>>> print(open('start04.pdb').read())   # PDB, C-alpha atoms, pLDDT in the B column
ATOM      1  CA  MET A   6      20.644 -28.475  19.046  1.00 82.00           C
ATOM      2  CA  ALA A   7      22.833 -30.557  21.359  1.00 84.00           C
ATOM      3  CA  ARG A   8      23.187 -29.360  24.938  1.00 87.00           C
ATOM      4  CA  GLN A   9      26.996 -29.240  24.799  1.00 89.00           C
ATOM      5  CA  ILE A  10      26.792 -26.938  21.755  1.00 91.00           C
ATOM      6  CA  GLN A  11      24.302 -24.658  23.504  1.00 92.00           C
ATOM      7  CA  GLU A  12      26.595 -24.457  26.532  1.00 94.00           C
ATOM      8  CA  LYS A  13      29.555 -23.288  24.427  1.00 96.00           C
ATOM      9  CA  TYR A  14      27.851 -21.273  21.674  1.00 97.00           C
ATOM     10  CA  GLU A  15      24.890 -18.970  21.210  1.00 97.00           C
ATOM     11  CA  VAL A  16      23.225 -19.452  17.832  1.00 96.00           C
ATOM     12  CA  LEU A  17      22.567 -16.087  16.189  1.00 96.00           C
ATOM     13  CA  SER A  18      20.902 -17.090  12.936  1.00 95.00           C
ATOM     14  CA  LYS A  19      20.550 -19.720  10.258  1.00 94.00           C
ATOM     15  CA  ALA A  20      23.291 -19.078   7.702  1.00 90.00           C
ATOM     16  CA  GLY A  21      22.276 -21.628   5.091  1.00 88.00           C
ATOM     17  CA  GLU A  22      20.941 -25.046   4.251  1.00 89.00           C
ATOM     18  CA  GLY A  23      22.127 -27.696   1.856  1.00 81.00           C
ATOM     19  CA  THR A  24      22.069 -31.366   0.998  1.00 78.00           C
ATOM     20  CA  TYR A  25      24.033 -32.459   4.049  1.00 76.00           C
ATOM     21  CA  GLY A  26      22.491 -30.249   6.699  1.00 84.00           C
ATOM     22  CA  VAL A  27      21.938 -26.801   8.100  1.00 93.00           C
ATOM     23  CA  VAL A  28      24.587 -24.185   8.920  1.00 93.00           C
ATOM     24  CA  TYR A  29      24.127 -21.716  11.765  1.00 95.00           C
ATOM     25  CA  LYS A  30      26.026 -18.541  12.575  1.00 96.00           C
ATOM     26  CA  ALA A  31      26.947 -18.581  16.274  1.00 97.00           C
ATOM     27  CA  VAL A  32      29.118 -16.812  18.818  1.00 97.00           C
ATOM     28  CA  SER A  33      31.303 -18.316  21.523  1.00 96.00           C
ATOM     29  CA  ARG A  34      29.931 -17.806  25.024  1.00 96.00           C
ATOM     30  CA  ALA A  35      33.525 -17.649  26.338  1.00 96.00           C
ATOM     31  CA  ASP A  36      34.620 -15.015  23.784  1.00 95.00           C
ATOM     32  CA  PRO A  37      31.786 -12.967  22.243  1.00 92.00           C
ATOM     33  CA  SER A  38      34.126 -11.681  19.522  1.00 93.00           C
ATOM     34  CA  HIS A  39      34.637 -15.253  18.247  1.00 94.00           C
ATOM     35  CA  LEU A  40      32.096 -16.063  15.506  1.00 96.00           C
ATOM     36  CA  VAL A  41      31.719 -19.627  14.250  1.00 97.00           C
ATOM     37  CA  ALA A  42      29.672 -21.554  11.720  1.00 96.00           C
ATOM     38  CA  ILE A  43      28.028 -24.674  13.129  1.00 96.00           C
ATOM     39  CA  LYS A  44      27.127 -27.288  10.539  1.00 93.00           C
ATOM     40  CA  GLU A  45      24.433 -29.654  11.788  1.00 92.00           C
ATOM     41  CA  MET A  46      24.441 -32.949   9.899  1.00 86.00           C
ATOM     42  CA  ARG A  47      22.021 -35.802  10.364  1.00 81.00           C
ATOM     43  CA  HIS A  48      23.479 -39.307  10.144  1.00 74.00           C
ATOM     44  CA  ASP A  49      21.601 -42.476   9.361  1.00 68.00           C
ATOM     45  CA  GLU A  50      19.826 -44.013  12.340  1.00 61.00           C
ATOM     46  CA  GLN A  51      20.317 -47.486  10.833  1.00 59.00           C
ATOM     47  CA  GLU A  52      24.108 -47.216  10.974  1.00 62.00           C
ATOM     48  CA  GLU A  53      26.081 -47.592  14.162  1.00 67.00           C
ATOM     49  CA  GLY A  54      27.368 -44.085  14.731  1.00 65.00           C
ATOM     50  CA  VAL A  55      29.019 -41.789  12.238  1.00 73.00           C
ATOM     51  CA  PRO A  56      29.938 -43.236   8.816  1.00 74.00           C
ATOM     52  CA  SER A  57      33.648 -44.001   8.396  1.00 78.00           C
ATOM     53  CA  SER A  58      33.848 -41.705   5.349  1.00 77.00           C
ATOM     54  CA  ALA A  59      32.691 -38.779   7.515  1.00 78.00           C
ATOM     55  CA  LEU A  60      35.233 -39.688  10.204  1.00 83.00           C
ATOM     56  CA  ARG A  61      38.053 -39.685   7.636  1.00 86.00           C
ATOM     57  CA  GLU A  62      36.947 -36.286   6.334  1.00 82.00           C
ATOM     58  CA  ILE A  63      36.739 -34.856   9.852  1.00 89.00           C
ATOM     59  CA  SER A  64      40.186 -36.215  10.697  1.00 91.00           C
ATOM     60  CA  LEU A  65      41.628 -34.554   7.594  1.00 89.00           C
ATOM     61  CA  LEU A  66      39.852 -31.242   8.249  1.00 90.00           C
ATOM     62  CA  LEU A  67      41.071 -31.091  11.857  1.00 91.00           C
ATOM     63  CA  ASP A  68      44.653 -31.472  10.629  1.00 90.00           C
ATOM     64  CA  LEU A  69      44.518 -28.648   8.055  1.00 91.00           C
ATOM     65  CA  ASP A  70      46.040 -25.278   8.883  1.00 91.00           C
ATOM     66  CA  HIS A  71      46.168 -22.718   6.073  1.00 90.00           C
ATOM     67  CA  THR A  72      45.015 -19.128   5.892  1.00 89.00           C
ATOM     68  CA  ASN A  73      42.905 -19.860   2.777  1.00 87.00           C
ATOM     69  CA  VAL A  74      41.209 -23.023   4.069  1.00 89.00           C
ATOM     70  CA  VAL A  75      38.319 -22.751   6.522  1.00 90.00           C
ATOM     71  CA  ARG A  76      39.334 -24.226   9.879  1.00 93.00           C
ATOM     72  CA  LEU A  77      37.365 -26.904  11.658  1.00 95.00           C
ATOM     73  CA  PHE A  78      37.648 -26.173  15.385  1.00 95.00           C
ATOM     74  CA  GLU A  79      35.734 -29.025  16.991  1.00 94.00           C
ATOM     75  CA  VAL A  80      33.188 -31.783  16.477  1.00 93.00           C
ATOM     76  CA  PHE A  81      30.220 -32.881  18.575  1.00 92.00           C
ATOM     77  CA  ASN A  82      28.222 -36.072  18.092  1.00 88.00           C
ATOM     78  CA  ASP A  83      24.688 -36.258  19.504  1.00 87.00           C
ATOM     79  CA  LEU A  84      23.965 -39.998  19.528  1.00 80.00           C
ATOM     80  CA  ARG A  85      20.385 -39.627  20.735  1.00 83.00           C
ATOM     81  CA  GLN A  86      19.369 -37.193  17.997  1.00 83.00           C
ATOM     82  CA  HIS A  87      21.606 -38.838  15.347  1.00 83.00           C
ATOM     83  CA  ARG A  88      23.262 -35.528  14.584  1.00 88.00           C
ATOM     84  CA  LEU A  89      26.835 -34.486  14.047  1.00 89.00           C
ATOM     85  CA  TYR A  90      27.906 -30.874  14.661  1.00 94.00           C
ATOM     86  CA  LEU A  91      30.991 -29.413  13.009  1.00 94.00           C
ATOM     87  CA  VAL A  92      32.184 -26.068  14.374  1.00 96.00           C
ATOM     88  CA  PHE A  93      34.018 -24.092  11.683  1.00 95.00           C
ATOM     89  CA  GLU A  94      35.662 -20.716  11.416  1.00 94.00           C
ATOM     90  CA  PHE A  95      32.971 -18.253  10.291  1.00 94.00           C
ATOM     91  CA  LEU A  96      33.554 -16.446   7.003  1.00 86.00           C
ATOM     92  CA  ASP A  97      31.535 -13.298   6.546  1.00 79.00           C
ATOM     93  CA  ALA A  98      31.193 -12.747   2.818  1.00 71.00           C
ATOM     94  CA  ASN A  99      28.838 -10.829   0.575  1.00 63.00           C
ATOM     95  CA  PRO A 100      28.121 -13.066  -2.458  1.00 63.00           C
ATOM     96  CA  VAL A 101      26.347 -10.252  -4.336  1.00 63.00           C
ATOM     97  CA  ALA A 102      29.421  -8.016  -4.168  1.00 60.00           C
ATOM     98  CA  PHE A 103      31.572 -10.966  -5.226  1.00 61.00           C
ATOM     99  CA  ARG A 104      29.538 -11.447  -8.412  1.00 69.00           C
ATOM    100  CA  THR A 105      29.505  -7.787  -9.385  1.00 73.00           C
ATOM    101  CA  ASP A 106      33.030  -6.561  -8.653  1.00 77.00           C
ATOM    102  CA  PRO A 107      35.752  -7.999 -10.933  1.00 84.00           C
ATOM    103  CA  ARG A 108      38.445  -7.036  -8.403  1.00 85.00           C
ATOM    104  CA  LEU A 109      36.757  -9.179  -5.753  1.00 79.00           C
ATOM    105  CA  VAL A 110      36.427 -12.070  -8.201  1.00 81.00           C
ATOM    106  CA  LYS A 111      40.174 -11.895  -8.863  1.00 87.00           C
ATOM    107  CA  TYR A 112      40.978 -11.537  -5.150  1.00 86.00           C
ATOM    108  CA  TYR A 113      38.830 -14.501  -4.057  1.00 82.00           C
ATOM    109  CA  THR A 114      39.920 -16.668  -6.983  1.00 88.00           C
ATOM    110  CA  TRP A 115      43.558 -16.163  -5.982  1.00 91.00           C
ATOM    111  CA  GLN A 116      42.781 -17.147  -2.383  1.00 91.00           C
ATOM    112  CA  ILE A 117      40.855 -20.229  -3.533  1.00 90.00           C
ATOM    113  CA  LEU A 118      43.760 -21.294  -5.747  1.00 93.00           C
ATOM    114  CA  GLN A 119      46.228 -20.885  -2.875  1.00 93.00           C
ATOM    115  CA  GLY A 120      44.001 -23.012  -0.651  1.00 91.00           C
ATOM    116  CA  LEU A 121      43.643 -25.688  -3.341  1.00 92.00           C
ATOM    117  CA  HIS A 122      47.401 -25.739  -3.853  1.00 94.00           C
ATOM    118  CA  TYR A 123      47.874 -26.328  -0.109  1.00 92.00           C
ATOM    119  CA  LEU A 124      45.294 -29.140  -0.111  1.00 89.00           C
ATOM    120  CA  HIS A 125      46.850 -30.883  -3.124  1.00 88.00           C
ATOM    121  CA  LYS A 126      50.318 -30.747  -1.552  1.00 88.00           C
ATOM    122  CA  ARG A 127      48.958 -32.659   1.447  1.00 80.00           C
TER     123      ARG A 127
END
>>> encode(input="start04.pdb", output="structure tokens")
Amino acid sequence: MARQIQEKYEVLSKAGEGTYGVVYKAVSRADPSHLVAIKEMRHDEQEEGVPSSALREISLLLDLDHTNVVRLFEVFNDLRQHRLYLVFEFLDANPVAFRTDPRLVKYYTWQILQGLHYLHKR
């Protein structure tokens, strides 16, 4: 992980892995009550820097501010390791409870719809 990330955050655990990278649960060294999700994305070594499509997406995400849309706090680019780090608000959710409790399904669906409505208005 990039040095500047390690200086600001302490990685607690791996939260998940997907097509575009790995997500880590971390805590701010400045404020131990502040949990974040750090998405580590590898970008193509053949390209010069970060793809323009990723830059557009990052620009959009940094501008969003809605209670039902996960916030992107900051971005780090490690040119030597060809990695991009996106620091997001951490959401602590229990997917098993979500699938088994109809009240939670309704609650989360409503929040998702409010977030989507906000995104479509922009």
>>> residues_around(input="start04.pdb", residues="Thr72 in chain A", least_positions_apart="3", cutoff="10 Å", atoms="all atoms listed in the file", output="MDAnalysis selection string")
chainID A and resid 69 75:76 116 119:120 123
>>> residues_around(input="start04.pdb", residues="Ile117 in chain A", least_positions_apart="5", cutoff="10 Å", atoms="only C-alpha atoms", output="MDAnalysis selection string")
chainID A and resid 73:74 111:112 122:123
>>> residues_around(input="start04.pdb", residues="range 81-92 of chain A", least_positions_apart="2", cutoff="9 Å", atoms="all atoms listed in the file", output="list in words")
Met6, Ala7, Arg8, Gln9, Ile10, Val41, Ala42, Ile43, Lys44, Glu45, Met46, Arg47, His48, Asp49, Glu50, Gly54, Val55, Ile63, Arg76, Leu77, Phe78, Glu79, Glu94 and Phe95 of chain A
>>> closest_residue(input="start04.pdb", among="A:Phe93, A:Asp70, A:Glu15, A:Arg61", to="Val28 in chain A", atoms="only C-alpha atoms")
A:Phe93
>>> atom_distance(input="start04.pdb", atom1="CA of Glu12 in chain A", atom2="CA of His71 in chain A")
28.4 Å
>>> atom_distance(input="start04.pdb", atom1="CA of Val80 in chain A", atom2="CA of Ser58 in chain A")
14.9 Å
>>> atom_distance(input="start04.pdb", atom1="CA of Asp36 in chain A", atom2="CA of Tyr113 in chain A")
28.2 Å
>>> resolve_selection(input="start04.pdb", expression="the PyMOL selection byres ((chain A and resi 33) around 10)", output="ChimeraX atom specification")
/A:10-16,31-32,34-41
>>> closest_residue(input="start04.pdb", among="A:Leu17, A:Leu66, A:Val27, A:Leu60", to="Leu124 in chain A", atoms="only C-alpha atoms")
A:Leu66
>>> axis_aligned_box(input="start04.pdb", around="range 90-98 of chain A", padding_each_side="4 Å", output="lines of an AutoDock Vina configuration file")
center_x = 31.8
center_y = -21.8
center_z = 8.7
size_x = 15.8
size_y = 26.1
size_z = 19.8
